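**Q** Pasting model.cif here (mmCIF, C-alpha atoms):
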```
data_run
loop_
_atom_site.label_atom_id
_atom_site.label_comp_id
_atom_site.auth_asym_id
_atom_site.auth_seq_id
_atom_site.Cartn_x
_atom_site.Cartn_y
_atom_site.Cartn_z
CA MET U 26 126.82 84.69 86.73
CA ASP U 27 130.54 84.13 87.09
CA PHE U 28 132.17 87.53 87.50
CA ASP U 29 135.12 89.41 88.92
CA ALA U 30 134.82 92.93 90.32
CA VAL U 31 137.21 95.81 89.70
CA ILE U 32 136.82 98.70 92.14
CA LEU U 33 138.64 101.96 91.42
CA ALA U 34 139.69 103.53 94.71
CA GLY U 35 142.90 105.44 94.06
CA GLY U 36 141.83 108.93 92.99
CA ALA U 37 143.18 112.19 94.37
CA ALA U 38 139.83 113.33 95.90
CA ARG U 39 140.59 116.97 95.11
CA ARG U 40 137.05 118.13 95.94
CA LEU U 41 137.49 116.54 99.37
CA GLY U 42 140.75 118.36 99.97
CA GLY U 43 142.85 115.31 99.15
CA ALA U 44 141.25 113.18 101.87
CA ASP U 45 141.36 109.40 101.78
CA LYS U 46 137.92 109.23 100.19
CA PRO U 47 137.47 105.43 100.06
CA GLY U 48 138.42 105.33 103.75
CA LEU U 49 135.72 107.78 104.85
CA THR U 50 132.86 106.16 106.73
CA VAL U 51 129.12 105.97 106.15
CA GLY U 52 126.96 103.92 108.48
CA GLY U 53 129.95 102.45 110.33
CA ARG U 54 131.72 101.18 107.19
CA THR U 55 134.26 102.80 104.94
CA LEU U 56 133.02 103.68 101.48
CA VAL U 57 135.19 101.06 99.83
CA GLU U 58 133.95 98.42 102.29
CA HIS U 59 130.38 99.19 101.21
CA VAL U 60 131.37 98.52 97.61
CA VAL U 61 133.31 95.36 98.45
CA ALA U 62 130.26 94.06 100.32
CA ALA U 63 128.11 94.70 97.23
CA VAL U 64 130.34 92.38 95.15
CA ALA U 65 130.52 89.61 97.75
CA GLY U 66 129.39 87.16 95.06
CA ALA U 67 132.39 87.85 92.85
CA ARG U 68 134.98 85.21 92.12
CA LYS U 69 137.56 87.89 92.89
CA ALA U 70 137.28 91.42 94.27
CA ILE U 71 140.08 93.60 92.91
CA VAL U 72 140.65 97.10 94.29
CA ALA U 73 142.85 99.49 92.32
CA GLY U 74 144.17 101.71 95.07
CA PRO U 75 146.22 101.72 98.28
CA GLY U 76 146.18 98.48 100.27
CA ARG U 77 143.78 98.20 103.19
CA ALA U 78 142.92 95.62 105.81
CA ILE U 79 139.95 94.12 103.95
CA PRO U 80 139.98 90.30 103.95
CA GLY U 81 139.78 88.48 100.62
CA VAL U 82 140.49 91.52 98.45
CA VAL U 83 143.25 91.72 95.82
CA PHE U 84 144.89 95.16 95.75
CA VAL U 85 146.67 96.53 92.69
CA ARG U 86 148.11 99.93 91.78
CA GLU U 87 147.98 101.71 88.45
CA ASP U 88 151.19 102.87 86.82
CA PRO U 89 151.82 105.64 87.62
CA PRO U 90 149.86 105.86 90.90
CA ARG U 91 146.88 108.23 90.57
CA GLY U 92 147.37 108.10 86.83
CA GLY U 93 143.62 108.17 86.23
CA PRO U 94 140.77 105.69 85.80
CA VAL U 95 141.95 104.07 82.57
CA PRO U 96 145.36 102.97 83.94
CA ALA U 97 143.62 101.89 87.16
CA LEU U 98 141.16 99.77 85.18
CA ALA U 99 144.05 98.27 83.20
CA ALA U 100 145.79 97.25 86.43
CA GLY U 101 142.60 95.66 87.70
CA LEU U 102 141.89 93.82 84.47
CA ASN U 103 145.29 92.14 84.69
CA GLU U 104 143.85 90.16 87.62
CA VAL U 105 140.51 89.32 86.00
CA THR U 106 139.89 85.69 85.02
CA ALA U 107 136.07 85.52 85.08
CA PRO U 108 134.03 86.02 81.89
CA TRP U 109 132.27 89.10 83.27
CA VAL U 110 133.58 92.20 85.01
CA VAL U 111 131.64 94.49 87.31
CA LEU U 112 133.37 97.88 87.33
CA LEU U 113 132.58 100.17 90.25
CA ALA U 114 133.87 103.31 91.91
CA GLY U 115 135.17 102.95 95.44
CA ASP U 116 132.78 105.55 96.88
CA LEU U 117 129.26 104.18 96.24
CA PRO U 118 127.59 103.86 99.67
CA PHE U 119 124.18 102.85 98.29
CA MET U 120 125.40 100.10 95.96
CA THR U 121 124.14 96.67 97.06
CA ALA U 122 124.48 93.05 95.98
CA ALA U 123 120.96 93.29 94.53
CA HIS U 124 122.04 96.16 92.27
CA VAL U 125 125.09 94.20 91.10
CA ALA U 126 122.89 91.17 90.36
CA ALA U 127 120.50 93.36 88.36
CA MET U 128 123.37 94.71 86.25
CA LEU U 129 124.62 91.21 85.53
CA ARG U 130 121.14 89.97 84.60
CA ALA U 131 120.80 92.84 82.14
CA ALA U 132 124.28 92.19 80.73
CA GLU U 133 124.04 88.44 80.19
CA PRO U 134 121.85 88.41 77.05
CA SER U 135 123.20 91.55 75.47
CA GLY U 136 126.65 92.80 76.55
CA GLY U 137 127.89 95.92 78.28
CA VAL U 138 125.63 97.58 80.85
CA VAL U 139 126.09 101.02 82.37
CA LEU U 140 123.94 102.51 85.11
CA VAL U 141 122.24 105.83 84.54
CA ASP U 142 121.37 108.31 87.26
CA ALA U 143 118.04 110.00 87.94
CA GLY U 144 118.72 112.43 85.10
CA GLY U 145 119.53 109.67 82.60
CA ARG U 146 123.28 110.36 82.59
CA GLU U 147 125.64 107.41 82.22
CA GLN U 148 127.70 106.57 85.29
CA TRP U 149 130.80 104.98 83.84
CA LEU U 150 132.02 103.71 87.20
CA ALA U 151 128.93 101.58 87.73
CA GLY U 152 128.48 98.86 85.14
CA ALA U 153 128.97 95.27 84.00
CA TRP U 154 131.03 94.25 80.99
CA PRO U 155 132.11 91.14 79.03
CA ALA U 156 135.71 90.69 80.17
CA ALA U 157 137.14 89.62 76.80
CA GLU U 158 135.57 92.55 74.95
CA LEU U 159 136.70 95.01 77.60
CA LYS U 160 140.27 93.73 77.54
CA ALA U 161 140.37 93.89 73.74
CA ALA U 162 138.99 97.43 73.70
CA LEU U 163 141.51 98.54 76.31
CA ALA U 164 144.43 97.05 74.34
CA ASP U 165 143.57 99.28 71.36
CA TYR U 166 142.63 102.39 73.34
CA GLN U 167 144.95 105.40 73.54
CA GLY U 168 142.66 107.85 75.34
CA ARG U 169 142.24 108.77 79.00
CA SER U 170 138.45 108.82 79.27
CA LEU U 171 136.36 105.92 80.57
CA LYS U 172 133.48 107.17 78.44
CA GLY U 173 135.64 106.92 75.33
CA LEU U 174 136.65 103.37 76.24
CA LEU U 175 133.32 102.01 77.49
CA GLY U 176 130.88 103.95 75.30
CA PRO U 177 131.26 101.71 72.21
CA LEU U 178 130.66 98.60 74.38
CA VAL U 179 127.32 99.73 75.84
CA THR U 180 124.24 97.77 74.85
CA VAL U 181 122.04 98.60 77.86
CA ARG U 182 121.63 101.81 79.85
CA LEU U 183 120.08 100.65 83.09
CA ALA U 184 118.13 102.67 85.68
CA LEU U 185 117.76 101.11 89.14
CA ARG U 186 116.01 102.19 92.31
CA GLY U 187 117.93 103.15 95.41
CA ARG U 188 120.50 105.49 93.84
CA PRO U 189 123.29 102.89 93.50
CA TRP U 190 125.15 105.37 91.28
CA PHE U 191 125.39 108.02 94.04
CA ASP U 192 129.05 108.79 94.76
CA CYS U 193 130.70 110.94 97.40
CA ASP U 194 132.78 113.54 95.60
CA THR U 195 132.22 116.37 98.11
CA MET U 196 131.60 116.79 101.83
CA ASP U 197 127.98 117.61 101.01
CA ASP U 198 127.68 114.26 99.22
CA LEU U 199 129.18 112.49 102.22
CA GLU U 200 126.82 114.23 104.62
CA GLU U 201 123.84 113.32 102.43
CA ALA U 202 124.89 109.68 102.42
CA ARG U 203 125.27 109.66 106.18
CA MET U 204 121.85 111.26 106.69
CA HIS U 205 120.26 108.74 104.33
CA VAL U 206 121.64 105.88 106.41
CA LEU U 207 120.43 107.60 109.57
CA ASN U 208 116.92 108.06 108.15
CA GLU U 209 116.75 104.40 107.14
CA TRP U 210 118.03 103.20 110.50
CA THR U 211 115.57 105.42 112.39
CA ALA U 212 112.63 104.08 110.38
CA LEU U 213 113.66 100.44 110.79
CA ALA U 214 114.44 100.82 114.50
CA CYS U 215 111.07 102.49 115.14
CA LYS U 216 109.28 99.69 113.29
CA GLU U 217 111.15 97.03 115.26
CA LEU U 218 110.33 98.70 118.59
CA GLY U 219 106.74 99.61 117.74
CA ILE U 220 107.40 103.36 117.95
CA ASP U 221 105.68 105.96 115.81
CA PRO U 222 108.54 107.69 113.90
CA ALA U 223 106.57 110.94 114.07
CA THR U 224 107.16 111.02 117.84
CA VAL U 225 110.95 110.86 117.46
CA ASP U 226 112.64 114.25 117.20
CA ARG U 227 115.85 112.93 115.69
CA ASP U 228 117.50 116.33 115.24
CA LEU U 229 116.85 117.21 118.88
CA ILE U 230 118.55 113.99 120.01
CA LEU U 231 121.46 114.49 117.62
CA ASP U 232 122.02 118.02 118.86
CA LEU U 233 122.02 116.73 122.43
CA THR U 234 124.48 113.89 121.81
CA LYS U 235 126.78 116.18 119.80
CA GLU U 236 126.85 118.64 122.72
CA VAL U 237 127.53 115.86 125.22
CA ALA U 238 130.24 114.23 123.09
CA HIS U 239 131.99 117.59 122.70
CA GLY U 240 131.51 118.93 126.21
CA VAL U 241 131.76 115.78 128.32
CA ALA U 242 133.13 112.68 126.55
CA ARG U 243 132.30 110.68 123.44
CA PRO U 244 131.05 107.58 125.34
CA ALA U 245 128.70 109.81 127.32
CA ALA U 246 126.66 110.58 124.18
CA PRO U 247 124.91 107.19 123.70
CA LEU U 248 124.48 106.86 127.47
CA THR U 249 122.80 110.27 127.55
CA ALA U 250 120.45 109.27 124.72
CA TYR U 251 119.45 106.22 126.76
CA LEU U 252 118.87 108.35 129.86
CA LEU U 253 116.75 110.69 127.77
CA GLY U 254 114.57 107.74 126.79
CA LEU U 255 114.17 106.74 130.43
CA ALA U 256 113.21 110.29 131.35
CA GLN U 257 110.61 110.42 128.59
CA GLY U 258 109.23 107.05 129.69
CA ALA U 259 108.89 108.44 133.21
CA GLY U 260 106.81 111.31 131.89
CA THR U 261 109.31 114.13 131.41
CA ALA U 262 108.75 116.09 128.21
CA PRO U 263 111.71 115.40 125.90
CA GLU U 264 112.23 119.10 125.21
CA ASP U 265 112.58 119.82 128.93
CA ALA U 266 114.93 116.88 129.47
CA VAL U 267 117.09 117.87 126.50
CA ALA U 268 117.32 121.47 127.70
CA LYS U 269 118.46 120.33 131.14
CA LEU U 270 121.04 117.91 129.73
CA ILE U 271 122.46 120.41 127.26
CA THR U 272 122.83 122.97 130.05
CA LEU U 273 124.58 120.34 132.16
CA ALA U 274 126.94 119.43 129.32
CA LYS U 275 127.82 123.06 128.64
CA ASN U 276 128.60 123.58 132.34
CA TRP U 277 130.30 120.21 132.74
CA SER U 278 133.64 121.51 134.02
CA GLN U 279 131.99 123.64 136.66
CA ALA U 280 129.58 120.89 137.65
CA THR U 281 132.36 118.32 138.15
CA THR U 282 134.42 120.80 140.15
CA GLU U 283 131.47 121.43 142.46
CA THR U 284 130.86 117.69 142.81
CA LEU U 285 134.49 116.96 143.69
CA THR U 286 134.58 119.69 146.31
CA ASP U 287 131.12 118.99 147.71
CA ASP U 288 131.12 118.08 151.39
#
```
Will you turn the file into structure tokens for me?
**A**
Amino acid sequence: MDFDAVILAGGAARRLGGADKPGLTVGGRTLVEHVVAAVAGARKAIVAGPGRAIPGVVFVREDPPRGGPVPALAAGLNEVTAPWVVLLAGDLPFMTAAHVAAMLRAAEPSGGVVLVDAGGREQWLAGAWPAAELKAALADYQGRSLKGLLGPLVTVRLALRGRPWFDCDTMDDLEEARMHVLNEWTALACKELGIDPATVDRDLILDLTKEVAHGVARPAAPLTAYLLGLAQGAGTAPEDAVAKLITLAKNWSQATTETLTDD
């Protein structure tokens, strides 16, 4: 289907202490980059929020800035020329192109589609809408709520696998998203390498690399994980190797001093 995407990424992020929420990273990408990747098939990707170095994206700002989702949507819709609009929040790390395609397939024969979460609640910043109907509704709307604007346009409430509606409003949400990516990567990497995931003590390795990154240097962390793998392959129990390496990292300053003064 021919569609444009409007991504709202200009909120105040109060529950994140005013942080640049769309710029926070999950799995090596910023949150807004995850969402932009999910709408790669759009005629135009329009982000309502501060400009960023993301190729091919049109950036707009609501008036006034941080004036809320309805003004942000209005600013985005000014750039829309396609017959369909996919409206998304800028902090959806699990949203994929397959989810966007599913929303559009559901919308094509009927009209407005909104995703629902695991509890059946509508997620107004995850949906697909007929552009002409949405623009007409917005022109007559005086409220500030997306639910008030979009509710009358809904014809399908759609549940999809993979939690595409999951957003990162708090640090706990962000940590959950990061751990999900880590779990998925661990499983896929183990499958690719022919390793039984049950033999990988991920938390033990993470604790080790965190200690090394803090006590030695950030680049030393992945190198240490590699050395741990070599030690395990040579027959050293991983728990013993980790204990030795953590002790070394904690005593790094003393160890380097002794090395530099060693005859």
**Q** Within 12 Å of range 229-237 of chain U, which residues of range 179-225 of chain U come that close, and what is the closest atom pair and distance in Å for each? Count only C-alpha atoms and give it as CSV.
**A**
```
residue,atom,partner,partner_atom,distance
U:Met204,CA,U:Leu231,CA,11.4
U:Leu207,CA,U:Leu231,CA,10.6
U:Thr211,CA,U:Ile230,CA,11.8
U:Thr224,CA,U:Leu229,CA,11.5
U:Val225,CA,U:Ile230,CA,8.6
```
**Q** Using all atoms listed in the file, tabulate the residues of range 121-215 of chain U lying at most 12 Å from any atom of range 58-68 of chain U, each with its closest atom pair and that distance in Å to one decimal, by chain and increasing residue number, as a Markdown table.
**A**
```
| residue | atom | partner | partner_atom | distance |
| --- | --- | --- | --- | --- |
| U:Thr121 | CA | U:Ala63 | CA | 4.4 |
| U:Ala122 | CA | U:Ala63 | CA | 4.2 |
| U:Ala123 | CA | U:Ala63 | CA | 7.8 |
| U:His124 | CA | U:Ala63 | CA | 8.0 |
| U:Val125 | CA | U:Ala63 | CA | 6.9 |
| U:Ala126 | CA | U:Val64 | CA | 8.9 |
| U:Ala127 | CA | U:Ala63 | CA | 11.8 |
| U:Met128 | CA | U:Val64 | CA | 11.5 |
| U:Leu129 | CA | U:Ala67 | CA | 11.2 |
| U:Leu150 | CA | U:Val60 | CA | 11.7 |
| U:Ala151 | CA | U:Val60 | CA | 10.6 |
| U:Ala153 | CA | U:Val64 | CA | 11.6 |
| U:Pro189 | CA | U:Val60 | CA | 10.1 |
| U:Trp190 | CA | U:Val60 | CA | 11.2 |
| U:Phe191 | CA | U:Val60 | CA | 11.8 |
| U:Asp192 | CA | U:Val60 | CA | 10.9 |
| U:Ala202 | CA | U:His59 | CA | 11.9 |
```
**Q** Which is closer to Ala143 in chain U than all the others in U:Gly115, U:Gly187, U:Gly219, U:Pro155, using all atoms listed in the file?
**A**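 Closest residue, counting all atoms listed in the file: U:Gly187.
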**Q** Once the PyMOL selection byres ((chain U and resi 105) around 12) has been evaluated on this model, what residues remain selected, and can you format them as a VMD selection string?
**A** chain U and resid 27 to 32 67 to 72 83 85 98 to 104 106 to 112 154 to 157 159 to 160
**Q** Restricting it to C-alpha atoms, dump the selection as a short mmCIF file (atom, residue, chain, number, x, y, z; two decimals), keeping the file's coordinate frame.
**A**
```
data_model
loop_
_atom_site.label_atom_id
_atom_site.label_comp_id
_atom_site.auth_asym_id
_atom_site.auth_seq_id
_atom_site.Cartn_x
_atom_site.Cartn_y
_atom_site.Cartn_z
CA ASP U 27 130.54 84.13 87.09
CA PHE U 28 132.17 87.53 87.50
CA ASP U 29 135.12 89.41 88.92
CA ALA U 30 134.82 92.93 90.32
CA VAL U 31 137.21 95.81 89.70
CA ILE U 32 136.82 98.70 92.14
CA ALA U 67 132.39 87.85 92.85
CA ARG U 68 134.98 85.21 92.12
CA LYS U 69 137.56 87.89 92.89
CA ALA U 70 137.28 91.42 94.27
CA ILE U 71 140.08 93.60 92.91
CA VAL U 72 140.65 97.10 94.29
CA VAL U 83 143.25 91.72 95.82
CA VAL U 85 146.67 96.53 92.69
CA LEU U 98 141.16 99.77 85.18
CA ALA U 99 144.05 98.27 83.20
CA ALA U 100 145.79 97.25 86.43
CA GLY U 101 142.60 95.66 87.70
CA LEU U 102 141.89 93.82 84.47
CA ASN U 103 145.29 92.14 84.69
CA GLU U 104 143.85 90.16 87.62
CA THR U 106 139.89 85.69 85.02
CA ALA U 107 136.07 85.52 85.08
CA PRO U 108 134.03 86.02 81.89
CA TRP U 109 132.27 89.10 83.27
CA VAL U 110 133.58 92.20 85.01
CA VAL U 111 131.64 94.49 87.31
CA LEU U 112 133.37 97.88 87.33
CA TRP U 154 131.03 94.25 80.99
CA PRO U 155 132.11 91.14 79.03
CA ALA U 156 135.71 90.69 80.17
CA ALA U 157 137.14 89.62 76.80
CA LEU U 159 136.70 95.01 77.60
CA LYS U 160 140.27 93.73 77.54
#
```
**Q** Selection in question (the file shown): the PyMOL selection byres ((chain U and resi 140) around 7). Which residues does it include, as a short mmCIF file (atom, residue, chain, number, x, y, z; two decimals) with C-alpha atoms, in the frame of the given file?
**A**
```
data_model
loop_
_atom_site.label_atom_id
_atom_site.label_comp_id
_atom_site.auth_asym_id
_atom_site.auth_seq_id
_atom_site.Cartn_x
_atom_site.Cartn_y
_atom_site.Cartn_z
CA VAL U 138 125.63 97.58 80.85
CA VAL U 139 126.09 101.02 82.37
CA VAL U 141 122.24 105.83 84.54
CA ASP U 142 121.37 108.31 87.26
CA GLU U 147 125.64 107.41 82.22
CA GLN U 148 127.70 106.57 85.29
CA ALA U 151 128.93 101.58 87.73
CA GLY U 152 128.48 98.86 85.14
CA ARG U 182 121.63 101.81 79.85
CA LEU U 183 120.08 100.65 83.09
CA ALA U 184 118.13 102.67 85.68
CA TRP U 190 125.15 105.37 91.28
#
```
**Q** Have a look at CA of Arg91 in chain U and CA of Gly35 in chain U and let me know their distance in Å, one decimal.
**A**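 Answer for the CA of Arg91 in chain U to CA of Gly35 in chain U separation: 6.0 Å.
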**Q** Taking into account all atoms listed in the file, which residue in the set U:Leu199, U:Leu178, U:Glu264, U:Gly258 is nearest to Pro47 in chain U?
**A** U:Leu199
**Q** With distances taken over only C-alpha atoms, which of U:Thr50, U:Thr180, U:Ser170, U:Asn276 is nearest to His239 in chain U?
**A** U:Asn276
**Q** Identify, on the basis of all atoms listed in the file, every residue whose closest approach to Leu33 in chain U does not exceed 7 Å; exclude the query and any residue fewer than 6 positions from it along the same chain; express the result as a ChimeraX atom specification.
**A** /U:72-74,97,113-115
**Q** Excluding Gly240 in chain U and any residue of its chain fewer than 2 positions from it, enumerate the residues within 8 Å of it, using all atoms listed in the file, and give them as a list in words.
**A** Glu236, Val237, Ala238, Ala242, Ala274, Lys275 and Trp277 of chain U
**Q** Have a look at CA of Ala266 in chain U and CA of Ala250 in chain U and let me know their distance in Å, one decimal.
**A**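 Distance between the two atoms: 10.5 Å.
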**Q** Can you tell me how far CA of Met196 in chain U sits from CA of Thr55 in chain U, in Å to one decimal?
**A**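 Taking CA of Met196 in chain U as the start and CA of Thr55 in chain U as the end point, the length is 14.6 Å.
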**Q** Which is closest to Pro118 in chain U among U:Val267, U:Val95, U:Val206, U:Ala223, if we use only C-alpha atoms?
**A** U:Val206
**Q** Using only C-alpha atoms, find the one residue out of U:Pro94, U:Gly254, U:Leu273, U:Arg54 that sits nearest to Gly168 in chain U.
**A**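 Smallest separation from Gly168 in chain U among the options: U:Pro94.
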**Q** Each side padded by 6 Å, which centre and which edge lengths in Å (one decimal) define the axis-aligned box around the listed atoms of range 107-124 of chain U? Give them as lines of an AutoDock Vina configuration file.
**A**
```
center_x = 128.5
center_y = 95.5
center_z = 90.8
size_x = 27.1
size_y = 32.0
size_z = 29.8
```
**Q** Determine the nearest neighbour of Gly76 in chain U from the options U:Pro96, U:Val181, U:Leu171, U:Ala34, counting all atoms listed in the file.
**A**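 Of U:Pro96, U:Val181, U:Leu171, U:Ala34, the one nearest Gly76 in chain U is U:Ala34, counting all atoms listed in the file.
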**Q** Taking only N, CA and C atoms, show range 248-271 of chain U of the given structure as a short mmCIF file (atom, residue, chain, number, x, y, z; two decimals), in the first residue's frame.
**A**
```cif
data_model
loop_
_atom_site.label_atom_id
_atom_site.label_comp_id
_atom_site.auth_asym_id
_atom_site.auth_seq_id
_atom_site.Cartn_x
_atom_site.Cartn_y
_atom_site.Cartn_z
N LEU U 248 37.27 -7.56 24.67
CA LEU U 248 38.49 -8.37 24.60
C LEU U 248 38.52 -9.38 25.73
N THR U 249 38.12 -8.96 26.92
CA THR U 249 38.09 -9.86 28.08
C THR U 249 37.09 -10.99 27.88
N ALA U 250 35.92 -10.67 27.29
CA ALA U 250 34.94 -11.71 27.01
C ALA U 250 35.52 -12.75 26.06
N TYR U 251 36.28 -12.29 25.07
CA TYR U 251 36.92 -13.22 24.13
C TYR U 251 37.95 -14.09 24.85
N LEU U 252 38.75 -13.47 25.71
CA LEU U 252 39.75 -14.23 26.46
C LEU U 252 39.10 -15.26 27.38
N LEU U 253 37.95 -14.88 27.93
CA LEU U 253 37.21 -15.83 28.76
C LEU U 253 36.80 -17.05 27.95
N GLY U 254 36.36 -16.82 26.72
CA GLY U 254 36.00 -17.94 25.86
C GLY U 254 37.18 -18.84 25.56
N LEU U 255 38.35 -18.23 25.33
CA LEU U 255 39.55 -19.03 25.09
C LEU U 255 39.91 -19.86 26.32
N ALA U 256 39.79 -19.24 27.49
CA ALA U 256 40.11 -19.96 28.73
C ALA U 256 39.17 -21.14 28.93
N GLN U 257 37.89 -20.93 28.65
CA GLN U 257 36.92 -22.01 28.79
C GLN U 257 37.22 -23.12 27.80
N GLY U 258 37.57 -22.74 26.56
CA GLY U 258 37.92 -23.74 25.56
C GLY U 258 39.15 -24.55 25.94
N ALA U 259 40.04 -23.93 26.72
CA ALA U 259 41.25 -24.63 27.16
C ALA U 259 41.01 -25.47 28.40
N GLY U 260 39.77 -25.43 28.92
CA GLY U 260 39.43 -26.29 30.04
C GLY U 260 39.27 -25.61 31.38
N THR U 261 39.46 -24.31 31.45
CA THR U 261 39.27 -23.60 32.71
C THR U 261 37.79 -23.40 32.98
N ALA U 262 37.33 -23.70 34.17
CA ALA U 262 35.93 -23.49 34.51
C ALA U 262 35.61 -22.00 34.41
N PRO U 263 34.52 -21.64 33.75
CA PRO U 263 34.23 -20.21 33.56
C PRO U 263 34.11 -19.44 34.86
N GLU U 264 33.57 -20.08 35.91
CA GLU U 264 33.45 -19.38 37.19
C GLU U 264 34.82 -19.01 37.75
N ASP U 265 35.78 -19.93 37.61
CA ASP U 265 37.14 -19.66 38.11
C ASP U 265 37.79 -18.54 37.30
N ALA U 266 37.63 -18.61 35.98
CA ALA U 266 38.23 -17.59 35.11
C ALA U 266 37.64 -16.22 35.40
N VAL U 267 36.32 -16.16 35.56
CA VAL U 267 35.65 -14.89 35.84
C VAL U 267 36.14 -14.33 37.17
N ALA U 268 36.24 -15.17 38.18
CA ALA U 268 36.69 -14.69 39.49
C ALA U 268 38.09 -14.09 39.39
N LYS U 269 38.98 -14.74 38.65
CA LYS U 269 40.34 -14.24 38.50
C LYS U 269 40.36 -12.89 37.76
N LEU U 270 39.54 -12.80 36.71
CA LEU U 270 39.54 -11.58 35.89
C LEU U 270 38.90 -10.41 36.64
N ILE U 271 37.85 -10.69 37.40
CA ILE U 271 37.24 -9.62 38.19
C ILE U 271 38.20 -9.11 39.25
#
```
